[in-house]
$ cat upload_31.pdb   # PDB, C-alpha atoms and all ligand atoms
ATOM      1  CA  MET A 239       0.000   0.000   0.000
ATOM      2  CA  ILE A 240       2.871   2.364   0.801
ATOM      3  CA  LYS A 241       4.192   1.859  -2.696
ATOM      4  CA  LEU A 242       0.895   2.943  -4.143
ATOM      5  CA  VAL A 243       0.734   6.018  -1.934
ATOM      6  CA  LEU A 244       4.239   7.069  -2.899
ATOM      7  CA  LEU A 245       3.427   6.643  -6.568
ATOM      8  CA  LEU A 246       0.362   8.809  -6.208
ATOM      9  CA  LEU A 247       2.367  11.451  -4.391
ATOM     10  CA  LEU A 248       4.938  11.399  -7.173
ATOM     11  CA  GLY A 249       2.200  12.486  -9.509
ATOM     12  CA  VAL A 250       1.237  15.298  -7.172
ATOM     13  CA  LEU A 251       4.838  16.515  -6.962
ATOM     14  CA  GLY A 252       4.872  16.862 -10.700
ATOM     15  CA  VAL A 253       8.368  15.525 -11.181
ATOM     16  CA  GLY A 254       7.569  13.843 -14.432
ATOM     17  CA  ILE A 255       6.651  10.373 -13.293
ATOM     18  CA  SER A 256       4.275  10.088 -16.230
ATOM     19  CA  LEU A 257       7.266  10.065 -18.540
ATOM     20  CA  SER A 258       9.239   7.510 -16.610
ATOM     21  CA  GLN A 259       8.495   3.916 -15.865
ATOM     22  CA  PRO A 260      10.618   3.031 -12.845
ATOM     23  CA  THR A 261       8.810   2.159  -9.673
ATOM     24  CA  VAL A 262      10.564   3.596  -6.644
ATOM     25  CA  TYR A 263      10.027   2.321  -3.146
ATOM     26  CA  ILE A 264      11.670   4.064  -0.199
ATOM     27  CA  SER A 265      12.118   2.721   3.298
ATOM     28  CA  GLY A 266      13.855   3.791   6.489
ATOM     29  CA  SER A 267      13.730   7.538   5.844
ATOM     30  CA  LYS A 268      11.691  10.146   7.688
ATOM     31  CA  ASP A 269      11.748  12.251   4.553
ATOM     32  CA  SER A 270      10.520   9.830   1.900
ATOM     33  CA  LEU A 271       8.950  12.626  -0.093
ATOM     34  CA  GLY A 272      12.141  14.642  -0.201
ATOM     35  CA  ILE A 273      14.093  11.543  -1.221
ATOM     36  CA  LEU A 274      11.532  10.718  -3.856
ATOM     37  CA  ALA A 275      11.724  14.202  -5.335
ATOM     38  CA  GLN A 276      15.515  13.898  -5.636
ATOM     39  CA  VAL A 277      15.412  10.386  -7.052
ATOM     40  CA  SER A 278      12.749  11.271  -9.607
ATOM     41  CA  GLN A 279      14.692  14.211 -10.891
ATOM     42  CA  HIS A 280      18.003  12.321 -10.988
ATOM     43  CA  LEU A 281      16.453   9.417 -12.887
ATOM     44  CA  LYS A 282      14.833  11.772 -15.325
ATOM     45  CA  HIS A 283      18.072  13.644 -15.845
ATOM     46  CA  LEU A 284      19.891  10.341 -16.376
ATOM     47  CA  ASP A 285      17.243   9.190 -18.874
ATOM     48  CA  VAL A 286      16.243   6.194 -16.817
ATOM     49  CA  ASP A 287      12.709   5.486 -17.991
ATOM     50  CA  GLU A 288      12.862   1.706 -18.081
ATOM     51  CA  ASN A 289      10.354  -0.450 -16.301
ATOM     52  CA  VAL A 290      12.466  -1.348 -13.283
ATOM     53  CA  PHE A 291      11.803  -1.641  -9.578
ATOM     54  CA  ILE A 292      14.151   0.344  -7.384
ATOM     55  CA  HIS A 293      14.199  -0.040  -3.625
ATOM     56  CA  ILE A 294      16.016   2.695  -1.735
ATOM     57  CA  GLY A 295      16.576   1.747   1.864
ATOM     58  CA  PHE A 296      18.206   3.708   4.664
ATOM     59  CA  TYR A 297      19.903   1.415   7.130
ATOM     60  CA  ASN A 298      21.515   1.845  10.514
ATOM     61  CA  LYS A 299      23.811  -1.065   9.764
ATOM     62  CA  MET A 300      25.615  -1.225   6.443
ATOM     63  CA  PRO A 301      27.591  -4.099   4.931
ATOM     64  CA  GLU A 302      31.385  -3.707   5.313
ATOM     65  CA  ASN A 303      30.915  -0.211   6.749
ATOM     66  CA  MET A 304      30.031   1.184   3.343
ATOM     67  CA  LYS A 305      28.267   4.543   3.196
ATOM     68  CA  ALA A 306      26.155   3.573   0.233
ATOM     69  CA  VAL A 307      25.898   0.713  -2.232
ATOM     70  CA  THR A 308      23.786  -0.309  -5.212
ATOM     71  CA  TYR A 309      23.345  -3.811  -6.539
ATOM     72  CA  VAL A 310      20.972  -5.837  -8.635
ATOM     73  CA  GLN A 311      19.123  -8.620  -6.961
ATOM     74  CA  LYS A 312      17.755 -11.442  -9.059
ATOM     75  CA  THR A 313      14.341 -12.437  -7.777
ATOM     76  CA  PHE A 314      12.205 -15.506  -8.268
ATOM     77  CA  PRO A 315      10.430 -15.645 -11.628
ATOM     78  CA  ASN A 316       6.952 -14.223 -11.901
ATOM     79  CA  ASN A 317       6.967 -12.608  -8.525
ATOM     80  CA  GLY A 318       5.835  -9.295  -9.897
ATOM     81  CA  TYR A 319       9.156  -7.522 -10.401
ATOM     82  CA  PRO A 320       9.881  -6.404 -13.951
ATOM     83  CA  ASN A 321      12.538  -8.640 -15.555
ATOM     84  CA  ASP A 322      12.538 -10.558 -12.275
ATOM     85  CA  GLN A 323      15.071  -8.192 -10.861
ATOM     86  CA  LEU A 324      15.178  -5.604  -8.188
ATOM     87  CA  ILE A 325      17.662  -2.784  -7.940
ATOM     88  CA  GLU A 326      18.640  -2.380  -4.333
ATOM     89  CA  VAL A 327      20.148   0.893  -3.109
ATOM     90  CA  ARG A 328      21.356   0.984   0.479
ATOM     91  CA  ILE A 329      22.365   4.182   2.185
ATOM     92  CA  ASP A 330      23.778   4.701   5.650
ATOM     93  CA  ALA A 331      21.016   6.296   7.728
ATOM     94  CA  HIS A 332      23.638   8.062   9.890
ATOM     95  CA  LEU A 333      24.924  10.281   7.083
ATOM     96  CA  ASN A 334      23.997  13.923   7.504
ATOM     97  CA  LYS A 335      21.539  15.393   5.065
ATOM     98  CA  LYS A 336      24.161  16.896   2.789
ATOM     99  CA  ARG A 337      26.169  13.705   2.498
ATOM    100  CA  GLN A 338      23.020  11.659   2.132
ATOM    101  CA  LYS A 339      22.012  13.846  -0.793
ATOM    102  CA  LEU A 340      25.351  13.336  -2.498
ATOM    103  CA  ALA A 341      25.289   9.596  -1.824
ATOM    104  CA  LEU A 342      21.810   9.361  -3.296
ATOM    105  CA  ALA A 343      22.866  11.149  -6.499
ATOM    106  CA  HIS A 344      25.987   8.994  -6.710
ATOM    107  CA  GLU A 345      24.017   5.773  -6.361
ATOM    108  CA  MET A 346      21.464   6.890  -8.957
ATOM    109  CA  ILE A 347      24.330   7.027 -11.453
ATOM    110  CA  HIS A 348      25.080   3.388 -10.607
ATOM    111  CA  VAL A 349      21.373   2.613 -11.036
ATOM    112  CA  LYS A 350      21.602   4.150 -14.511
ATOM    113  CA  GLN A 351      24.701   2.053 -15.270
ATOM    114  CA  TYR A 352      22.897  -1.167 -14.295
ATOM    115  CA  VAL A 353      19.626  -0.318 -16.021
ATOM    116  CA  LYS A 354      21.351   0.636 -19.275
ATOM    117  CA  GLY A 355      23.434  -2.534 -19.196
ATOM    118  CA  GLU A 356      26.713  -0.620 -18.954
ATOM    119  CA  LEU A 357      27.557  -2.340 -15.700
ATOM    120  CA  GLU A 358      26.928  -6.003 -15.074
ATOM    121  CA  VAL A 359      28.063  -8.158 -12.209
ATOM    122  CA  VAL A 360      29.324 -11.533 -13.423
ATOM    123  CA  ASN A 361      30.136 -13.030 -10.042
ATOM    124  CA  ARG A 362      31.746 -12.100  -6.748
ATOM    125  CA  HIS A 363      35.046 -11.357  -8.431
ATOM    126  CA  HIS A 364      34.187 -10.082 -11.881
ATOM    127  CA  ILE A 365      32.245  -7.224 -13.321
ATOM    128  CA  ILE A 366      31.615  -6.150 -16.929
ATOM    129  CA  TRP A 367      31.787  -2.466 -17.777
ATOM    130  CA  LYS A 368      30.785  -1.491 -21.293
ATOM    131  CA  GLY A 369      31.728  -4.879 -22.687
ATOM    132  CA  THR A 370      35.048  -5.278 -20.895
ATOM    133  CA  GLN A 371      35.489  -7.623 -17.976
ATOM    134  CA  TYR A 372      37.187  -6.291 -14.865
ATOM    135  CA  SER A 373      38.270  -7.929 -11.656
ATOM    136  CA  TYR A 374      36.303  -6.531  -8.803
ATOM    137  CA  LEU A 375      38.418  -3.929  -7.063
ATOM    138  CA  HIS A 376      38.480  -3.553  -3.334
ATOM    139  CA  ASN A 377      38.809  -0.763  -0.862
ATOM    140  CA  LYS A 378      40.639   2.281  -2.163
ATOM    141  CA  ASP A 379      41.291   0.763  -5.613
ATOM    142  CA  ARG A 380      37.554   0.508  -6.070
ATOM    143  CA  LEU A 381      37.418   4.266  -6.600
ATOM    144  CA  LEU A 382      39.635   3.928  -9.676
ATOM    145  CA  ALA A 383      37.145   1.742 -11.505
ATOM    146  CA  PRO A 384      35.658   3.476 -14.557
ATOM    147  CA  TRP A 385      32.080   3.132 -13.294
ATOM    148  CA  GLU A 386      33.113   4.838 -10.056
ATOM    149  CA  GLN A 387      34.977   7.524 -11.972
ATOM    150  CA  GLU A 388      31.815   8.282 -13.890
ATOM    151  CA  ALA A 389      29.737   8.417 -10.725
ATOM    152  CA  TYR A 390      32.212  10.685  -8.927
ATOM    153  CA  ARG A 391      32.427  12.948 -11.971
ATOM    154  CA  HIS A 392      28.698  13.605 -12.030
ATOM    155  CA  ASP A 393      27.216  13.099  -8.562
ATOM    156  CA  ARG A 394      27.686  16.672  -7.344
ATOM    157  CA  GLU A 395      26.420  18.020 -10.632
ATOM    158  CA  LEU A 396      23.168  16.128 -10.082
ATOM    159  CA  VAL A 397      22.843  17.559  -6.581
ATOM    160  CA  ASN A 398      23.465  21.074  -7.880
ATOM    161  CA  ILE A 399      20.884  20.664 -10.594
ATOM    162  CA  PHE A 400      18.376  19.530  -7.985
ATOM    163  CA  ASP A 401      19.241  22.335  -5.554
ATOM    164  CA  GLU A 402      19.013  25.005  -8.211
ATOM    165  CA  GLY A 403      15.557  23.854  -9.162
ATOM    166  CA  TYR A 404      16.522  22.947 -12.680
ATOM    167  CA  PRO A 405      13.459  23.308 -14.934
ATOM    168  CA  ILE A 406      11.336  20.306 -14.174
ATOM    169  CA  GLN A 407       9.177  20.497 -17.255
ATOM    170  CA  SER A 408      10.591  18.359 -20.014
ATOM    171  CA  PRO A 409      10.711  19.441 -23.658
ATOM    172  CA  THR A 410       8.168  16.726 -24.408
ATOM    173  CA  LEU A 411       5.694  18.162 -21.940
ATOM    174  CA  ALA A 412       6.351  21.691 -23.113
ATOM    175  CA  SER A 413       5.652  20.800 -26.718
ATOM    176  CA  GLN A 414       2.447  19.087 -25.681
ATOM    177  CA  ASN A 415       1.347  22.350 -24.139
ATOM    178  CA  ASN A 416       2.245  24.330 -27.251
ATOM    179  CA  PRO A 417       1.118  22.378 -30.258
TER
HETATM  180 ZN    ZN B 501      30.101   4.422  -6.429
END
$ encode --input "upload_31.pdb" --output "structure tokens" --more "lines below"
Ligand SMILES: [Zn+2]
Amino acid sequence: MIKLVLLLLLGVLGVGISLSQPTVYISGSKDSLGILAQVSQHLKHLDVDENVFIHIGFYNKMPENMKAVTYVQKTFPNNGYPNDQLIEVRIDAHLNKKRQKLALAHEMIHVKQYVKGELEVVNRHHIIWKGTQYSYLHNKDRLLAPWEQEAYRHDRELVNIFDEGYPIQSPTLASQNNP
């Protein structure tokens, strides 16, 4: 039921949900609406309009002390998730608002990479980025990976666009209003 309510609210916020297909479900945040507004705009900006299910959870306990992480979870067939997969975004609930905002933007870039098939996890040790297989990098080296480079290059830009109230109306909508 919460999912339904959030979807309805998305429409009310006018952040262009009618143009995008992803279903976003948020848990563990006291500001679900604020998170939803950010996520909707980021996804729109990143051209993510695929029919995917994205869960964004804020957790007090994170795996391996990470601040934020995104991964794709394969689900059982025919359980209602599009393509039988669920994109799971986990964010440390202890981050302050500013850092949480940046983490959210950063992870949305990884969501885009997964959804567009640019990034694909092969197994625990291997990952494919734009057709090339890489060994999974750990700790500090992880930041050197090309998919991380891309995310770090653009995460703050996404936050700035959101904070500056970048025009929400899309060209498509505008042209519909002016035939
Ligand atoms: Zn990252």
$ residues_near_ligand --input "upload_31.pdb" --ligand "ligand ZN 501 (chain B)" --cutoff "12 Å" --atoms "all atoms listed in the file" --output "count of residues only"
41
$ closest_residue --input "upload_31.pdb" --among "A:Leu284, A:Gly355, A:Lys368, A:Asp330" --to "A:Pro301" --atoms "all atoms listed in the file"
A:Asp330
$ residues_around --input "upload_31.pdb" --residues "A:Asn361" --least-positions-apart "3" --cutoff "12 Å" --atoms "only C-alpha atoms" --output "PyMOL selection string"
chain A and resi 309-310+358+364-366+371-374
$ axis_aligned_box --input "upload_31.pdb" --around "stretch 267-270 of chain A" --padding-each-side "4 Å" --output "AutoDock Vina command-line options"
--center_x 12.1 --center_y 9.9 --center_z 4.8 --size_x 11.2 --size_y 12.7 --size_z 13.8
$ atom_distance --input "upload_31.pdb" --atom1 "atom CA of A:His293" --atom2 "atom CA of A:Gln338"
15.7 Å
$ closest_residue --input "upload_31.pdb" --among "A:Phe291, A:Gln279, A:Gly272, A:Ile264" --to "A:Leu396" --atoms "only C-alpha atoms"
A:Gln279
$ atom_distance --input "upload_31.pdb" --atom1 "atom CA of A:Gln311" --atom2 "atom CA of A:Val360"
12.4 Å
$ atom_distance --input "upload_31.pdb" --atom1 "atom CA of A:Glu288" --atom2 "atom CA of A:Glu402"
26.0 Å
$ residues_near_point --input "upload_31.pdb" --point "(14.5, 4.7, 12.9)" --cutoff "12 Å" --atoms "only C-alpha atoms" --output "mmCIF file with C-alpha atoms, in the coordinates of the input"
data_model
loop_
_atom_site.group_PDB
_atom_site.id
_atom_site.type_symbol
_atom_site.label_atom_id
_atom_site.label_comp_id
_atom_site.auth_asym_id
_atom_site.auth_seq_id
_atom_site.Cartn_x
_atom_site.Cartn_y
_atom_site.Cartn_z
ATOM 1 C CA SER A 265 12.118 2.721 3.298
ATOM 2 C CA GLY A 266 13.855 3.791 6.489
ATOM 3 C CA SER A 267 13.730 7.538 5.844
ATOM 4 C CA LYS A 268 11.691 10.146 7.688
ATOM 5 C CA ASP A 269 11.748 12.251 4.553
ATOM 6 C CA GLY A 295 16.576 1.747 1.864
ATOM 7 C CA PHE A 296 18.206 3.708 4.664
ATOM 8 C CA TYR A 297 19.903 1.415 7.130
ATOM 9 C CA ASN A 298 21.515 1.845 10.514
ATOM 10 C CA LYS A 299 23.811 -1.065 9.764
ATOM 11 C CA ASP A 330 23.778 4.701 5.650
ATOM 12 C CA ALA A 331 21.016 6.296 7.728
ATOM 13 C CA HIS A 332 23.638 8.062 9.890
#
$ resolve_selection --input "upload_31.pdb" --expression "the PyMOL selection byres (((chain A and resi 292) around 8) and not hetatm)" --output "mmCIF file with C-alpha atoms, keeping the file's coordinate frame"
data_model
loop_
_atom_site.group_PDB
_atom_site.id
_atom_site.type_symbol
_atom_site.label_atom_id
_atom_site.label_comp_id
_atom_site.auth_asym_id
_atom_site.auth_seq_id
_atom_site.Cartn_x
_atom_site.Cartn_y
_atom_site.Cartn_z
ATOM 1 C CA PRO A 260 10.618 3.031 -12.845
ATOM 2 C CA THR A 261 8.810 2.159 -9.673
ATOM 3 C CA VAL A 262 10.564 3.596 -6.644
ATOM 4 C CA TYR A 263 10.027 2.321 -3.146
ATOM 5 C CA VAL A 290 12.466 -1.348 -13.283
ATOM 6 C CA PHE A 291 11.803 -1.641 -9.578
ATOM 7 C CA HIS A 293 14.199 -0.040 -3.625
ATOM 8 C CA ILE A 294 16.016 2.695 -1.735
ATOM 9 C CA LEU A 324 15.178 -5.604 -8.188
ATOM 10 C CA ILE A 325 17.662 -2.784 -7.940
ATOM 11 C CA GLU A 326 18.640 -2.380 -4.333
ATOM 12 C CA VAL A 327 20.148 0.893 -3.109
#
$ closest_residue --input "upload_31.pdb" --among "A:Asn398, A:Asn289, A:Lys339, A:Asn303" --to "A:Ile273" --atoms "only C-alpha atoms"
A:Lys339
$ decode --input "upload_31.pdb" --residues "stretch 333-376 of chain A" --atoms "C-alpha atoms" --output "compact mmCIF listing (two decimals), in the first residue's frame"
# COMPACT_ATOMS: atom_id res chain seq x y z
CA LEU A 333 24.92 10.28 7.08
CA ASN A 334 24.00 13.92 7.50
CA LYS A 335 21.54 15.39 5.06
CA LYS A 336 24.16 16.90 2.79
CA ARG A 337 26.17 13.70 2.50
CA GLN A 338 23.02 11.66 2.13
CA LYS A 339 22.01 13.85 -0.79
CA LEU A 340 25.35 13.34 -2.50
CA ALA A 341 25.29 9.60 -1.82
CA LEU A 342 21.81 9.36 -3.30
CA ALA A 343 22.87 11.15 -6.50
CA HIS A 344 25.99 8.99 -6.71
CA GLU A 345 24.02 5.77 -6.36
CA MET A 346 21.46 6.89 -8.96
CA ILE A 347 24.33 7.03 -11.45
CA HIS A 348 25.08 3.39 -10.61
CA VAL A 349 21.37 2.61 -11.04
CA LYS A 350 21.60 4.15 -14.51
CA GLN A 351 24.70 2.05 -15.27
CA TYR A 352 22.90 -1.17 -14.30
CA VAL A 353 19.63 -0.32 -16.02
CA LYS A 354 21.35 0.64 -19.27
CA GLY A 355 23.43 -2.53 -19.20
CA GLU A 356 26.71 -0.62 -18.95
CA LEU A 357 27.56 -2.34 -15.70
CA GLU A 358 26.93 -6.00 -15.07
CA VAL A 359 28.06 -8.16 -12.21
CA VAL A 360 29.32 -11.53 -13.42
CA ASN A 361 30.14 -13.03 -10.04
CA ARG A 362 31.75 -12.10 -6.75
CA HIS A 363 35.05 -11.36 -8.43
CA HIS A 364 34.19 -10.08 -11.88
CA ILE A 365 32.25 -7.22 -13.32
CA ILE A 366 31.61 -6.15 -16.93
CA TRP A 367 31.79 -2.47 -17.78
CA LYS A 368 30.78 -1.49 -21.29
CA GLY A 369 31.73 -4.88 -22.69
CA THR A 370 35.05 -5.28 -20.90
CA GLN A 371 35.49 -7.62 -17.98
CA TYR A 372 37.19 -6.29 -14.87
CA SER A 373 38.27 -7.93 -11.66
CA TYR A 374 36.30 -6.53 -8.80
CA LEU A 375 38.42 -3.93 -7.06
CA HIS A 376 38.48 -3.55 -3.33
